[in-house]
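Structure file my_file07.cif; described as mmCIF, C-alpha atoms and all ligand atoms.
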```cif
data_coords
#
loop_
_atom_site.group_PDB
_atom_site.id
_atom_site.type_symbol
_atom_site.label_atom_id
_atom_site.label_comp_id
_atom_site.auth_asym_id
_atom_site.auth_seq_id
_atom_site.Cartn_x
_atom_site.Cartn_y
_atom_site.Cartn_z
ATOM 1 C CA MET A 1 -34.103 -62.478 -29.107
ATOM 2 C CA ASN A 2 -34.566 -59.650 -31.581
ATOM 3 C CA ASN A 3 -32.916 -56.655 -29.921
ATOM 4 C CA GLU A 4 -33.930 -54.214 -32.662
ATOM 5 C CA LYS A 5 -37.578 -55.131 -32.298
ATOM 6 C CA ILE A 6 -37.371 -54.833 -28.512
ATOM 7 C CA HIS A 7 -35.775 -51.372 -28.745
ATOM 8 C CA ARG A 8 -38.514 -50.250 -31.126
ATOM 9 C CA LEU A 9 -41.225 -51.501 -28.751
ATOM 10 C CA VAL A 10 -39.553 -49.834 -25.760
ATOM 11 C CA ASP A 11 -39.296 -46.535 -27.680
ATOM 12 C CA GLU A 12 -43.027 -46.747 -28.413
ATOM 13 C CA ILE A 13 -43.795 -47.318 -24.742
ATOM 14 C CA LEU A 14 -41.621 -44.374 -23.691
ATOM 15 C CA ALA A 15 -43.343 -42.089 -26.203
ATOM 16 C CA ASP A 16 -46.884 -42.799 -25.056
ATOM 17 C CA ASN A 17 -48.870 -40.838 -22.470
ATOM 18 C CA ASN A 18 -49.066 -43.450 -19.729
ATOM 19 C CA SER A 19 -47.787 -43.056 -16.183
ATOM 20 C CA GLN A 20 -44.275 -44.039 -15.101
ATOM 21 C CA LYS A 21 -45.650 -47.208 -13.458
ATOM 22 C CA GLU A 22 -47.589 -48.222 -16.546
ATOM 23 C CA LYS A 23 -44.549 -47.664 -18.769
ATOM 24 C CA LEU A 24 -42.273 -49.692 -16.499
ATOM 25 C CA LYS A 25 -44.796 -52.514 -16.365
ATOM 26 C CA ALA A 26 -45.176 -52.471 -20.152
ATOM 27 C CA ILE A 27 -41.395 -52.708 -20.536
ATOM 28 C CA CYS A 28 -41.357 -55.733 -18.196
ATOM 29 C CA SER A 29 -44.063 -57.376 -20.314
ATOM 30 C CA ILE A 30 -42.221 -56.734 -23.574
ATOM 31 C CA LEU A 31 -38.983 -58.166 -22.223
ATOM 32 C CA LYS A 32 -40.644 -61.288 -20.808
ATOM 33 C CA GLN A 33 -42.654 -61.824 -23.965
ATOM 34 C CA GLU A 34 -39.794 -61.258 -26.415
ATOM 35 C CA VAL A 35 -36.993 -63.132 -24.679
ATOM 36 C CA TYR A 36 -37.636 -66.802 -24.090
ATOM 37 C CA HIS A 37 -35.185 -67.140 -21.201
ATOM 38 C CA TYR A 38 -36.632 -64.227 -19.171
ATOM 39 C CA ASP A 39 -39.043 -65.725 -16.634
ATOM 40 C CA TRP A 40 -39.378 -62.895 -14.121
ATOM 41 C CA VAL A 41 -38.737 -59.255 -15.043
ATOM 42 C CA GLY A 42 -39.047 -56.406 -12.584
ATOM 43 C CA PHE A 43 -37.754 -53.109 -11.294
ATOM 44 C CA TYR A 44 -36.372 -52.324 -7.857
ATOM 45 C CA ILE A 45 -36.322 -48.622 -7.014
ATOM 46 C CA LEU A 46 -33.997 -47.033 -4.450
ATOM 47 C CA ASP A 47 -35.562 -45.481 -1.370
ATOM 48 C CA LYS A 48 -32.682 -43.179 -0.540
ATOM 49 C CA SER A 49 -33.889 -42.224 2.933
ATOM 50 C CA GLN A 50 -33.886 -45.843 4.144
ATOM 51 C CA ASN A 51 -31.136 -47.165 1.843
ATOM 52 C CA ILE A 52 -33.363 -50.002 0.649
ATOM 53 C CA LEU A 53 -34.624 -51.188 -2.697
ATOM 54 C CA VAL A 54 -38.387 -51.274 -3.085
ATOM 55 C CA LEU A 55 -40.059 -53.575 -5.606
ATOM 56 C CA GLY A 56 -41.672 -51.652 -8.443
ATOM 57 C CA PRO A 57 -43.598 -52.942 -11.457
ATOM 58 C CA TYR A 58 -42.829 -56.539 -12.437
ATOM 59 C CA VAL A 59 -44.179 -59.488 -14.396
ATOM 60 C CA GLY A 60 -43.878 -63.089 -13.270
ATOM 61 C CA LYS A 61 -44.663 -64.857 -10.018
ATOM 62 C CA PRO A 62 -45.228 -62.646 -6.965
ATOM 63 C CA THR A 63 -42.160 -62.407 -4.737
ATOM 64 C CA ASP A 64 -41.846 -62.004 -0.955
ATOM 65 C CA HIS A 65 -38.822 -59.770 -1.503
ATOM 66 C CA THR A 66 -40.562 -56.444 -1.834
ATOM 67 C CA LYS A 67 -37.790 -54.647 0.099
ATOM 68 C CA ILE A 68 -34.087 -55.441 -0.177
ATOM 69 C CA PRO A 69 -31.405 -53.610 1.838
ATOM 70 C CA VAL A 70 -28.593 -52.106 -0.255
ATOM 71 C CA GLY A 71 -25.709 -54.612 -0.143
ATOM 72 C CA LYS A 72 -27.932 -57.697 0.276
ATOM 73 C CA GLY A 73 -28.420 -60.250 -2.485
ATOM 74 C CA VAL A 74 -27.576 -59.710 -6.112
ATOM 75 C CA CYS A 75 -29.942 -56.748 -6.286
ATOM 76 C CA GLY A 76 -28.417 -55.046 -3.257
ATOM 77 C CA GLN A 77 -24.884 -55.563 -4.552
ATOM 78 C CA VAL A 78 -25.746 -53.932 -7.871
ATOM 79 C CA ALA A 79 -27.185 -50.960 -5.980
ATOM 80 C CA GLN A 80 -23.890 -50.694 -4.111
ATOM 81 C CA ASN A 81 -21.460 -51.296 -6.981
ATOM 82 C CA CYS A 82 -23.468 -49.588 -9.736
ATOM 83 C CA SER A 83 -22.504 -52.171 -12.328
ATOM 84 C CA THR A 84 -24.325 -55.013 -14.056
ATOM 85 C CA MET A 85 -24.142 -58.436 -12.412
ATOM 86 C CA VAL A 86 -24.606 -61.587 -14.434
ATOM 87 C CA VAL A 87 -25.103 -64.722 -12.360
ATOM 88 C CA GLN A 88 -25.161 -67.748 -14.627
ATOM 89 C CA ASP A 89 -25.677 -70.187 -11.741
ATOM 90 C CA VAL A 90 -27.324 -68.824 -8.618
ATOM 91 C CA SER A 91 -26.295 -71.884 -6.576
ATOM 92 C CA ASN A 92 -22.712 -70.648 -6.867
ATOM 93 C CA ILE A 93 -23.080 -67.447 -4.912
ATOM 94 C CA ASP A 94 -23.468 -66.945 -1.184
ATOM 95 C CA ASN A 95 -25.013 -63.492 -1.132
ATOM 96 C CA TYR A 96 -28.129 -64.516 -3.043
ATOM 97 C CA ILE A 97 -31.785 -64.056 -2.083
ATOM 98 C CA ALA A 98 -33.811 -66.938 -3.505
ATOM 99 C CA CYS A 99 -37.218 -65.955 -4.869
ATOM 100 C CA SER A 100 -38.217 -69.317 -6.267
ATOM 101 C CA ILE A 101 -36.612 -72.739 -6.522
ATOM 102 C CA ASP A 102 -37.130 -72.587 -10.288
ATOM 103 C CA VAL A 103 -34.638 -69.737 -10.734
ATOM 104 C CA GLN A 104 -31.240 -70.839 -11.993
ATOM 105 C CA SER A 105 -29.715 -67.601 -13.198
ATOM 106 C CA GLU A 106 -30.137 -63.859 -12.879
ATOM 107 C CA ILE A 107 -29.027 -60.597 -14.478
ATOM 108 C CA VAL A 108 -29.355 -57.245 -12.736
ATOM 109 C CA VAL A 109 -28.651 -53.945 -14.504
ATOM 110 C CA PRO A 110 -28.410 -50.599 -12.694
ATOM 111 C CA ILE A 111 -30.282 -47.501 -13.828
ATOM 112 C CA MET A 112 -28.108 -44.452 -13.257
ATOM 113 C CA LYS A 113 -29.080 -40.806 -13.422
ATOM 114 C CA ASP A 114 -26.528 -37.998 -13.082
ATOM 115 C CA ASN A 115 -24.032 -40.587 -11.845
ATOM 116 C CA ASN A 116 -26.350 -41.714 -9.059
ATOM 117 C CA PHE A 117 -27.919 -45.129 -8.725
ATOM 118 C CA ILE A 118 -31.718 -44.755 -8.821
ATOM 119 C CA ALA A 119 -33.177 -48.141 -9.735
ATOM 120 C CA GLU A 120 -32.422 -51.436 -11.428
ATOM 121 C CA ILE A 121 -33.812 -54.008 -13.837
ATOM 122 C CA ASP A 122 -33.840 -57.510 -12.351
ATOM 123 C CA ILE A 123 -34.344 -60.593 -14.511
ATOM 124 C CA ASP A 124 -34.587 -64.184 -13.297
ATOM 125 C CA SER A 125 -34.318 -67.159 -15.598
ATOM 126 C CA HIS A 126 -35.245 -70.790 -15.173
ATOM 127 C CA ALA A 127 -32.488 -71.647 -17.640
ATOM 128 C CA PHE A 128 -28.929 -72.442 -16.675
ATOM 129 C CA ALA A 129 -26.300 -69.955 -17.941
ATOM 130 C CA PRO A 130 -28.510 -68.371 -20.641
ATOM 131 C CA PHE A 131 -27.051 -64.857 -20.635
ATOM 132 C CA THR A 132 -24.639 -63.488 -23.236
ATOM 133 C CA ASN A 133 -23.339 -60.050 -24.115
ATOM 134 C CA ARG A 134 -26.494 -59.543 -26.162
ATOM 135 C CA ASP A 135 -28.553 -59.555 -22.962
ATOM 136 C CA LYS A 136 -26.136 -57.173 -21.266
ATOM 137 C CA GLU A 137 -26.112 -54.778 -24.229
ATOM 138 C CA LEU A 138 -29.880 -54.893 -24.626
ATOM 139 C CA LEU A 139 -30.605 -54.239 -20.958
ATOM 140 C CA GLU A 140 -27.914 -51.584 -20.482
ATOM 141 C CA THR A 141 -29.239 -49.669 -23.493
ATOM 142 C CA ILE A 142 -32.793 -49.898 -22.159
ATOM 143 C CA SER A 143 -31.574 -48.805 -18.734
ATOM 144 C CA ALA A 144 -29.956 -45.688 -20.246
ATOM 145 C CA LYS A 145 -33.183 -44.880 -22.098
ATOM 146 C CA ILE A 146 -35.540 -45.236 -19.161
ATOM 147 C CA LYS A 147 -33.606 -43.103 -16.712
ATOM 148 C CA GLU A 148 -35.738 -40.252 -18.056
ATOM 149 C CA LEU A 149 -38.728 -41.828 -16.289
ATOM 150 C CA PHE A 150 -37.219 -41.153 -12.858
HETATM 151 N N1 LIG B 1 -32.577 -62.856 -6.347
HETATM 152 C C1 LIG B 1 -32.547 -61.480 -5.993
HETATM 153 C C2 LIG B 1 -33.760 -61.081 -5.186
HETATM 154 C C3 LIG B 1 -34.875 -60.547 -5.993
HETATM 155 S S1 LIG B 1 -35.766 -61.730 -6.790
HETATM 156 O O1 LIG B 1 -34.912 -62.350 -7.823
HETATM 157 C C4 LIG B 1 -37.125 -61.134 -7.493
HETATM 158 C C5 LIG B 1 -31.285 -61.149 -5.229
HETATM 159 O O2 LIG B 1 -30.492 -62.043 -4.876
HETATM 160 O O3 LIG B 1 -31.060 -59.974 -4.968
#
```

Now, as a test, write the supplied structure out as structure tokens.
Amino acid sequence: MNNEKIHRLVDEILADNNSQKEKLKAICSILKQEVYHYDWVGFYILDKSQNILVLGPYVGKPTDHTKIPVGKGVCGQVAQNCSTMVVQDVSNIDNYIACSIDVQSEIVVPIMKDNNFIAEIDIDSHAFAPFTNRDKELLETISAKIKELF
């Protein structure tokens, strides 16, 4: 993974005139295309009134989990704790919502604005334990950049 290249591509996407949805989708595509171990990349966006996460733009196989209550699954825990979760082996955790039997690992990064949780980047991988600090750094930097879209 070439983090510099990815940051440059994300900056280009953010600078264009497309809608928020189009930009988020384009960022998903870039991440999936540029990082071999990213198999599903998507955004969940907080619906504050119902305290649930709603699936936003994504790339990869369609998922049944279009709404996730805060607190449920990896995604819901990140919404609650407001910190990145790296799950190197999804079979090891109880509070996990399986999207596909192919998924072995997952990283979820919160998007914060004015100290409030607003959305998150969710990435599933078919590889076992593929994530390093480079993934965390890359995704946390992107998360900080895209908060302006919300
Ligand atoms: N595995 C997630 C659910 C979302 S899917 O990965 C797209 C979770 O446990 O929250």

Just give me the residues with any atom within 8 Å of (-32.5, -63.6, -23.4), file coordinates, counting all atoms listed in the file, written as a compact mmCIF listing (two decimals) with C-alpha atoms, in the frame of the given file.
```txt
# COMPACT_ATOMS: atom_id res chain seq x y z
CA MET A 1 -34.10 -62.48 -29.11
CA VAL A 35 -36.99 -63.13 -24.68
CA TYR A 36 -37.64 -66.80 -24.09
CA HIS A 37 -35.18 -67.14 -21.20
CA TYR A 38 -36.63 -64.23 -19.17
CA PRO A 130 -28.51 -68.37 -20.64
CA PHE A 131 -27.05 -64.86 -20.64
CA THR A 132 -24.64 -63.49 -23.24
CA ARG A 134 -26.49 -59.54 -26.16
CA ASP A 135 -28.55 -59.56 -22.96
```

>> Please find the residues contacting ligand LIG 1 (chain B) at a distance of at most 6 Å between atoms, with all atoms listed in the file counted, and report them as a VMD selection string.
In response: chain A and resid 63 73 to 76 96 to 99 124

>> Excluding Ile123 (chain A) and its own-chain neighbours fewer than 3 positions away, which residues fall within 9 Å of it when counting all atoms listed in the file? Please give them as a ChimeraX atom specification.
In response: /A:32,38-43,105-109

> How many Å lie between CA of Leu149 (chain A) and CA of Val87 (chain A), rounded to one decimal?
Replying inline: 26.9 Å

> Excluding same-chain residues fewer than 6 positions from region 10-13 of chain A, what lies within 8 Å of it counting only C-alpha atoms, as a ChimeraX atom specification?
Replying inline: /A:23,26-27,30,142

>> On this structure, the PyMOL selection byres (((chain A and resi 115) around 12) and not hetatm) would catch which residues? List them as a list in words, sorted by chain and number.
In response: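 For this structure, the PyMOL selection byres (((chain A and resi 115) around 12) and not hetatm) captures Cys82, Ser83, Pro110, Ile111, Met112, Lys113, Asp114, Asn116, Phe117, Ile118, Ala144 and Lys147 of chain A.
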
>> the PyMOL selection byres (((chain A and resi 2) around 10) and not hetatm) - which residues does that actually catch in the file I just gave you? List them as an MDAnalysis selection string.
In response: chainID A and resid 1 3:7 34:35 134 138

Keeping C-alpha atoms, export the residues of the selection given above as an mmCIF file, keeping the file's coordinate frame.
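The result, stored in result_38.cif:
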```cif
data_model
loop_
_atom_site.group_PDB
_atom_site.id
_atom_site.type_symbol
_atom_site.label_atom_id
_atom_site.label_comp_id
_atom_site.auth_asym_id
_atom_site.auth_seq_id
_atom_site.Cartn_x
_atom_site.Cartn_y
_atom_site.Cartn_z
ATOM 1 C CA MET A 1 -34.103 -62.478 -29.107
ATOM 2 C CA ASN A 3 -32.916 -56.655 -29.921
ATOM 3 C CA GLU A 4 -33.930 -54.214 -32.662
ATOM 4 C CA LYS A 5 -37.578 -55.131 -32.298
ATOM 5 C CA ILE A 6 -37.371 -54.833 -28.512
ATOM 6 C CA HIS A 7 -35.775 -51.372 -28.745
ATOM 7 C CA GLU A 34 -39.794 -61.258 -26.415
ATOM 8 C CA VAL A 35 -36.993 -63.132 -24.679
ATOM 9 C CA ARG A 134 -26.494 -59.543 -26.162
ATOM 10 C CA LEU A 138 -29.880 -54.893 -24.626
#
```

> Between A:Gln20, A:Asn133, A:Gln33, A:Thr84, which one has atoms that come closest to Gly56 (chain A), using all atoms listed in the file?
Replying inline: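 Going through A:Gln20, A:Asn133, A:Gln33, A:Thr84 one by one, the smallest distance to Gly56 (chain A) is for A:Gln20.
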
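For the pair CA of Val70 (chain A) and CA of Tyr44 (chain A), the separation is 10.9 Å.
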